[in-house]
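A quick write-up on the structure given underneath.
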Amino acid sequence: MSKKRRKAEIKVLPLPDAFLSEMAACPVCGQDAQAIGRRAMQIVFRCERCRIVFKRAHSSPLGL
């Protein structure tokens, strides 16, 4: 019997309002995902369809 894994909770910092409209393609399903916050200097996205959280690998640094 396999063990049930807990979901890893990724803590993200607030994102400036100017970047909240950013979108990125989900690496699993290809659908647009909305920005939810930032991790260090990269924007973090969540896909509503797959429920995964990911960072855009080629994003430019935030101009904070």
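All residue names refer to the structure tokens as shown: chains lettered A, B, ... in order, residues numbered from 1 in each chain, ligands numbered from 1 in order.
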At a cut-off of 7 Å, using only C-alpha atoms, what residues contact Ile43 of chain A? Leave out same-chain residues fewer than 5 positions from it and give the result as an NGL selection string. :A and (35 or 37-38 or 55-56)
Fewer than 5 positions away in the same chain doesn't count, so skip those; otherwise give me all residues within 10 Å of Phe54 of chain A, counting only C-alpha atoms, as a compact mmCIF listing (two decimals) with N, CA and C atoms, in the first residue's frame.
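After the write, part21.txt holds the following:
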```
# COMPACT_ATOMS: atom_id res chain seq x y z
N ILE A 10 4.11 26.01 -0.76
CA ILE A 10 5.15 26.96 -1.14
C ILE A 10 4.73 28.33 -0.64
N ALA A 24 1.23 32.94 -17.62
CA ALA A 24 2.25 32.03 -18.15
C ALA A 24 1.56 30.73 -18.53
N CYS A 26 0.98 26.85 -18.50
CA CYS A 26 1.20 25.76 -17.55
C CYS A 26 2.09 24.71 -18.20
N PRO A 27 3.10 24.21 -17.50
CA PRO A 27 3.98 23.20 -18.09
C PRO A 27 3.31 21.84 -18.26
N ALA A 33 -1.96 30.35 -16.86
CA ALA A 33 -1.99 30.34 -15.40
C ALA A 33 -1.76 31.77 -14.90
N ALA A 35 -0.68 34.76 -12.08
CA ALA A 35 0.34 35.04 -11.06
C ALA A 35 -0.32 35.10 -9.69
N ILE A 43 8.38 35.35 -10.49
CA ILE A 43 6.94 35.33 -10.31
C ILE A 43 6.47 33.88 -10.22
N VAL A 44 5.56 33.60 -9.27
CA VAL A 44 5.01 32.26 -9.07
C VAL A 44 3.59 32.24 -9.62
N PHE A 45 3.26 31.16 -10.35
CA PHE A 45 1.95 31.03 -10.99
C PHE A 45 1.23 29.79 -10.47
N ARG A 46 -0.11 29.79 -10.55
CA ARG A 46 -0.92 28.62 -10.19
C ARG A 46 -1.91 28.36 -11.32
N CYS A 47 -1.91 27.11 -11.79
CA CYS A 47 -2.84 26.69 -12.83
C CYS A 47 -4.13 26.23 -12.15
```
Restricting the calculation to only C-alpha atoms, which member of A:Gln42, A:Asp32, A:Arg49, A:Ser2 is positioned closest to Leu15 of chain A? A:Gln42
What are the DSSP strand (DSSP E) residues of chain A, as a ChimeraX atom specification? /A:23-25,32-39,42-46,53-55
Two-atom distance - atom CA of Ser21 of chain A, atom CA of Arg39 of chain A (Å): 16.6 Å
